[in-house]
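my_file.cif (mmCIF, C-alpha atoms) appears below.
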```
data_target
#
loop_
_atom_site.label_atom_id
_atom_site.label_comp_id
_atom_site.auth_asym_id
_atom_site.auth_seq_id
_atom_site.Cartn_x
_atom_site.Cartn_y
_atom_site.Cartn_z
CA MET T 125 85.56 116.04 90.45
CA ALA T 126 84.22 112.48 90.73
CA PRO T 127 86.23 110.17 93.06
CA LYS T 128 87.03 107.70 90.28
CA LEU T 129 88.59 110.49 88.20
CA VAL T 130 90.64 111.66 91.16
CA GLY T 131 91.88 108.10 91.65
CA LEU T 132 93.00 107.75 88.04
CA ARG T 133 94.74 111.10 88.00
CA GLU T 134 96.53 110.14 91.24
CA VAL T 135 97.81 106.95 89.57
CA ILE T 136 99.03 109.06 86.65
CA ARG T 137 100.69 111.57 88.98
CA ILE T 138 102.59 108.83 90.84
CA ALA T 139 103.59 107.07 87.63
CA SER T 140 104.79 110.32 86.08
CA ALA T 141 106.95 111.03 89.12
CA MET T 142 108.48 107.55 89.11
CA LEU T 143 109.18 107.01 85.44
CA ALA T 144 110.64 109.68 83.15
CA ALA T 145 109.25 111.93 80.42
CA HIS T 146 108.03 109.10 78.16
CA TRP T 147 105.14 108.70 80.62
CA ALA T 148 103.63 111.88 79.18
CA PHE T 149 102.41 109.93 76.15
CA ILE T 150 101.00 107.10 78.27
CA CYS T 151 99.31 109.58 80.60
CA ALA T 152 97.64 111.29 77.65
CA ALA T 153 96.28 107.91 76.50
CA LEU T 154 95.00 107.17 80.01
CA LEU T 155 93.11 110.45 80.15
CA CYS T 156 91.52 109.67 76.77
CA PHE T 157 90.34 106.30 78.14
CA GLN T 158 89.05 108.11 81.23
CA GLU T 159 86.95 110.54 79.23
CA ALA T 160 85.66 107.74 76.99
CA SER T 161 84.55 105.63 79.96
CA THR T 162 82.94 108.67 81.60
CA SER T 163 81.08 109.61 78.42
CA ALA T 164 79.84 106.05 78.06
CA GLN T 165 78.55 106.19 81.67
CA MET T 166 80.32 103.01 82.61
CA PRO T 167 79.00 101.62 85.97
CA ALA T 168 81.21 102.68 88.90
CA LYS T 169 82.00 99.12 90.02
CA TYR T 170 83.49 98.36 86.58
CA CYS T 171 85.05 101.77 86.00
CA GLN T 172 87.70 101.46 88.72
CA LYS T 173 88.83 98.02 87.52
CA PHE T 174 88.88 99.33 83.95
CA HIS T 175 91.16 102.21 84.97
CA ILE T 176 93.53 99.95 86.89
CA ASP T 177 93.73 97.47 83.98
CA VAL T 178 94.50 100.30 81.57
CA ALA T 179 97.18 101.68 83.91
CA LEU T 180 98.95 98.32 84.22
CA PHE T 181 98.59 97.69 80.48
CA SER T 182 100.28 101.04 79.85
CA VAL T 183 103.16 100.04 82.12
CA GLY T 184 103.54 96.88 80.05
CA VAL T 185 103.55 98.84 76.79
CA MET T 186 106.26 101.12 78.12
CA LEU T 187 108.42 98.22 79.33
CA TYR T 188 108.13 96.52 75.93
CA PHE T 189 110.64 99.05 74.64
CA PHE T 190 113.10 98.43 77.48
CA ASP T 191 114.73 95.45 79.21
CA CYS T 192 111.55 94.11 80.79
CA TYR T 193 113.34 91.57 83.01
CA SER T 194 115.96 93.92 84.47
CA ALA T 195 115.80 94.49 88.22
CA GLU T 196 114.92 98.17 87.67
CA SER T 197 112.02 97.44 85.32
CA MET T 198 110.57 94.68 87.52
CA GLU T 199 110.84 96.95 90.55
CA GLN T 200 109.02 99.77 88.74
CA VAL T 201 106.11 97.46 87.88
CA ALA T 202 105.95 96.18 91.45
CA ARG T 203 105.92 99.75 92.80
CA VAL T 204 103.05 100.78 90.52
CA LYS T 205 101.05 97.65 91.39
CA LYS T 206 101.76 98.17 95.10
CA THR T 207 100.49 101.76 94.91
CA ILE T 208 97.29 100.68 93.14
CA ASN T 209 96.64 97.60 95.28
CA ALA T 210 97.25 99.50 98.52
CA ARG T 211 94.15 101.63 97.99
CA PRO T 212 91.22 100.36 100.11
CA ARG T 213 87.81 99.69 98.58
CA SER T 214 84.50 99.67 100.43
CA GLY T 215 82.76 97.19 102.72
CA HIS T 216 84.30 93.73 102.96
CA GLU T 217 87.28 94.68 100.79
CA SER T 218 88.10 97.57 103.12
CA GLN T 219 88.18 95.16 106.07
CA ARG T 220 90.38 92.77 104.08
CA PHE T 221 92.70 95.65 103.23
CA LYS T 222 93.11 96.62 106.90
CA SER T 223 93.69 93.00 107.91
CA ASP T 224 96.30 92.50 105.17
CA MET T 225 98.16 95.68 106.12
CA ARG T 226 98.23 94.66 109.80
CA THR T 227 99.62 91.27 108.80
CA ILE T 228 102.27 92.88 106.59
CA ASP T 229 103.22 95.41 109.27
CA CYS T 230 103.70 92.65 111.85
CA ALA T 231 105.81 90.64 109.39
CA LEU T 232 108.05 93.65 108.72
CA ARG T 233 108.42 94.46 112.43
CA TRP T 234 108.84 91.04 114.01
CA GLY T 235 109.13 88.49 111.23
CA VAL T 236 106.83 85.51 110.76
CA ALA T 237 106.38 82.46 112.96
CA HIS T 238 107.85 79.45 111.14
CA ARG T 239 104.51 77.69 110.92
CA LEU T 240 102.39 76.97 107.87
CA PRO T 241 99.26 79.00 108.83
CA LYS T 242 101.27 82.16 109.60
CA VAL T 243 103.51 81.96 106.54
CA LYS T 244 100.51 81.27 104.32
CA GLU T 245 98.64 84.26 105.77
CA VAL T 246 101.55 86.62 105.06
CA MET T 247 102.08 85.22 101.55
CA HIS T 248 98.40 85.81 100.73
CA ALA T 249 98.58 89.38 102.07
CA CYS T 250 101.77 90.14 100.10
CA VAL T 251 100.22 88.86 96.88
CA ARG T 252 96.93 90.72 97.36
CA ARG T 253 98.72 94.01 98.10
CA GLY T 254 101.71 93.54 95.81
CA HIS T 255 103.95 94.23 98.82
CA GLY T 256 107.43 93.31 97.65
CA GLU T 257 109.26 94.48 100.79
CA ALA T 258 107.33 92.10 103.05
CA ALA T 259 107.62 89.29 100.49
CA VAL T 260 111.42 89.62 100.47
CA LYS T 261 111.41 89.66 104.29
CA VAL T 262 109.57 86.32 104.31
CA PHE T 263 111.89 84.96 101.61
CA ASP T 264 114.96 85.98 103.66
CA GLN T 265 113.49 84.01 106.56
CA MET T 266 113.05 81.01 104.25
CA LEU T 267 116.72 81.31 103.29
CA GLU T 268 117.66 81.27 106.96
CA LYS T 269 115.31 78.58 108.27
CA GLY T 270 114.31 76.71 105.12
CA PRO T 271 110.80 76.38 103.69
CA VAL T 272 108.04 76.00 106.24
CA PRO T 273 106.99 72.33 106.77
CA ASP T 274 104.24 71.25 104.34
CA ALA T 275 104.88 74.32 102.17
CA ASP T 276 103.52 72.37 99.20
CA LEU T 277 100.05 72.59 100.76
CA ILE T 278 99.90 76.36 100.16
CA ASN T 279 97.68 77.32 97.22
CA LYS T 280 99.75 76.92 94.05
CA ALA T 281 98.52 80.15 92.48
CA VAL T 282 99.49 82.08 95.62
CA SER T 283 102.95 80.48 95.68
CA HIS T 284 103.51 81.29 92.00
CA ALA T 285 102.47 84.93 92.48
CA PHE T 286 104.50 85.27 95.70
CA PHE T 287 107.79 84.08 94.22
CA GLN T 288 107.30 86.13 91.07
CA LEU T 289 106.90 89.14 93.36
CA VAL T 290 110.10 88.20 95.21
CA ALA T 291 112.07 87.67 92.00
CA GLY T 292 110.93 91.04 90.71
CA ILE T 293 112.18 92.85 93.81
CA LEU T 294 115.51 91.07 94.42
CA SER T 295 118.56 92.78 92.98
CA ASP T 296 120.75 91.07 90.38
CA GLU T 297 123.43 90.61 93.02
CA SER T 298 120.99 88.92 95.42
CA ILE T 299 119.78 86.56 92.71
CA ARG T 300 123.34 85.65 91.73
CA MET T 301 124.06 84.93 95.40
CA ASP T 302 120.86 83.05 96.29
CA GLY T 303 119.48 82.02 92.89
CA LEU T 304 119.97 78.30 93.48
CA ARG T 305 118.31 78.54 96.89
CA LEU T 306 115.43 80.45 95.28
CA ILE T 307 114.90 77.56 92.86
CA GLU T 308 115.01 75.01 95.70
CA ILE T 309 112.53 76.96 97.82
CA VAL T 310 110.16 77.41 94.87
CA ARG T 311 110.28 73.66 94.26
CA ALA T 312 109.65 72.96 97.96
CA HIS T 313 106.31 74.74 97.54
CA GLY T 314 105.25 72.11 95.00
CA ILE T 315 105.50 74.36 91.94
CA ASP T 316 107.81 74.72 88.96
CA MET T 317 109.57 77.93 88.14
CA SER T 318 107.41 80.23 86.03
CA PRO T 319 108.81 81.72 82.79
CA THR T 320 108.97 85.07 84.58
CA ILE T 321 111.30 83.71 87.28
CA GLN T 322 113.40 81.83 84.72
CA ASN T 323 113.84 84.98 82.65
CA ARG T 324 114.68 86.95 85.77
CA LEU T 325 117.45 84.46 86.59
CA LEU T 326 118.81 84.70 83.06
CA ALA T 327 118.79 88.48 83.19
CA ALA T 328 120.62 88.54 86.55
CA TRP T 329 123.35 86.26 85.20
CA GLU T 330 123.36 88.00 81.80
CA ASN T 331 122.29 84.77 80.05
CA GLN T 332 125.31 82.90 81.43
CA LEU T 333 124.00 80.64 84.19
CA PRO T 334 126.68 79.07 86.41
CA ASP T 335 127.27 75.33 86.05
CA SER T 336 125.65 74.56 89.44
CA VAL T 337 122.39 76.21 88.38
CA LEU T 338 122.45 74.58 84.93
CA GLU T 339 122.98 71.15 86.46
CA TYR T 340 120.12 71.70 88.89
CA LEU T 341 117.76 72.80 86.11
CA LEU T 342 118.72 69.80 83.98
CA HIS T 343 118.09 67.51 86.95
CA MET T 344 114.65 69.10 87.39
CA ARG T 345 113.76 68.39 83.77
CA ARG T 346 114.81 64.75 84.08
CA GLU T 347 112.52 64.20 87.09
#
```

Please lay out the structure from this file as structure tokens.
Amino acid sequence: MAPKLVGLREVIRIASAMLAAHWAFICAALLCFQEASTSAQMPAKYCQKFHIDVALFSVGVMLYFFDCYSAESMEQVARVKKTINARPRSGHESQRFKSDMRTIDCALRWGVAHRLPKVKEVMHACVRRGHGEAAVKVFDQMLEKGPVPDADLINKAVSHAFFQLVAGILSDESIRMDGLRLIEIVRAHGIDMSPTIQNRLLAAWENQLPDSVLEYLLHMRRE
């Protein structure tokens, strides 16, 4: 069996184990896409990206019928993305993968030095690999020590993706406890809260934000 087909079936196997019986329908659709791309002799370098895009699209279709901003749903998406992103490619990408995983492993074992270059390096690695556990570890350190100095100099796209990853992994209880601090830390990175993070906050508080959070959000809009 060709490697690309093995890879897709492995994604399907993992997804089927994680999410319940309704995945059977999505898996059947994925296999149809697989056979279509194989029959069309799609170039290998595009075929893998095509399969990954279809897999993530299928996750989105499934979550459309559920509470897509619940902690469980966000965690399921992050787990699927982490599984897919954690697979090394060839050449330069394989070296990048190994470097990212070393960075993430060090962050999980010993934390991150409270300096801009180190924090930025770990944030990039977490985003590239969809590694929610390491992202939450870095966020917990930010809660303890505050944002790293000059955090607003970190690439805005990376900061957006990083905090969306964090918000998707945090439990409802954690968000209710540290939601205001999350907003402050996001703002310290020179970015506004994305709709995804805002919806995650609303879901955690069951659409009833506390007065302190409402006042802070209103103050942000007036600025």

Please write the residues picked by the PyMOL selection byres ((chain T and resi 275) around 8) on this file as a compact mmCIF listing (two decimals) with C-alpha atoms, keeping the file's coordinate frame.
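Result saved to selection18.txt:
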```txt
# COMPACT_ATOMS: atom_id res chain seq x y z
CA LEU T 240 102.39 76.97 107.87
CA PRO T 271 110.80 76.38 103.69
CA VAL T 272 108.04 76.00 106.24
CA PRO T 273 106.99 72.33 106.77
CA ASP T 274 104.24 71.25 104.34
CA ASP T 276 103.52 72.37 99.20
CA LEU T 277 100.05 72.59 100.76
CA ILE T 278 99.90 76.36 100.16
CA ALA T 312 109.65 72.96 97.96
CA HIS T 313 106.31 74.74 97.54
CA GLY T 314 105.25 72.11 95.00
```

Reference answer for the PyMOL selection byres ((chain T and resi 270) around 10), as a PyMOL selection string:
chain T and resi 238+263-269+271-273+305+308-309+312

Looking at T:Arg239, T:His248, T:Arg345, T:Lys261, which one is nearest to T:Val290, with distances taken over only C-alpha atoms?
T:Lys261

List the residues selected by the PyMOL selection byres ((chain T and resi 289) around 9) in the file shown, writing them as a tab-separated table (two decimals) with C-alpha atoms, in the coordinates of the input.
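In the end it all went to selection-v5.tsv:
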```tsv
chain	number	residue	atom	x	y	z
T	198	MET	CA	110.57	94.68	87.52
T	202	ALA	CA	105.95	96.18	91.45
T	250	CYS	CA	101.77	90.14	100.10
T	251	VAL	CA	100.22	88.86	96.88
T	254	GLY	CA	101.71	93.54	95.81
T	255	HIS	CA	103.95	94.23	98.82
T	256	GLY	CA	107.43	93.31	97.65
T	259	ALA	CA	107.62	89.29	100.49
T	260	VAL	CA	111.42	89.62	100.47
T	284	HIS	CA	103.51	81.29	92.00
T	285	ALA	CA	102.47	84.93	92.48
T	286	PHE	CA	104.50	85.27	95.70
T	287	PHE	CA	107.79	84.08	94.22
T	288	GLN	CA	107.30	86.13	91.07
T	290	VAL	CA	110.10	88.20	95.21
T	291	ALA	CA	112.07	87.67	92.00
T	292	GLY	CA	110.93	91.04	90.71
T	293	ILE	CA	112.18	92.85	93.81
T	294	LEU	CA	115.51	91.07	94.42
```

Could you tell me how far atom CA of T:Val310 sits from atom CA of T:Lys222, in Å to one decimal place?
28.4 Å

Using Å and a single decimal, report how far atom CA of T:Leu326 sits from atom CA of T:Arg253.
26.8 Å

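Atom pair atom CA of T:Gln332 / atom CA of T:Gly303 has a distance of 12.9 Å (rounded to one decimal).
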
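If only C-alpha atoms are the atoms counted, then among T:Ile307, T:Val243, T:Ala281, T:Ala328 the closest residue to T:Ser295 is T:Ala328.
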
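Of the residues listed (T:Val262, T:Glu330, T:Ser283, T:Ser218), T:Val262 shows the shortest atom-to-atom separation from T:Val236; distances use only C-alpha atoms.
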
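With distances restricted to all atoms listed in the file, T:Ile299 is the closest residue to T:Ala327 from T:Leu341, T:Leu304, T:Ile299, T:Met225.
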
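Distance annotation: of T:Val282, T:Met247, T:Ala237, T:Met301, the residue with the minimal separation from T:Pro334 is T:Met301; atom set is only C-alpha atoms.
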
Pick from T:Arg300, T:Glu217, T:Glu257, T:Met317 nearest to T:Ala231, counting only C-alpha atoms
T:Glu257
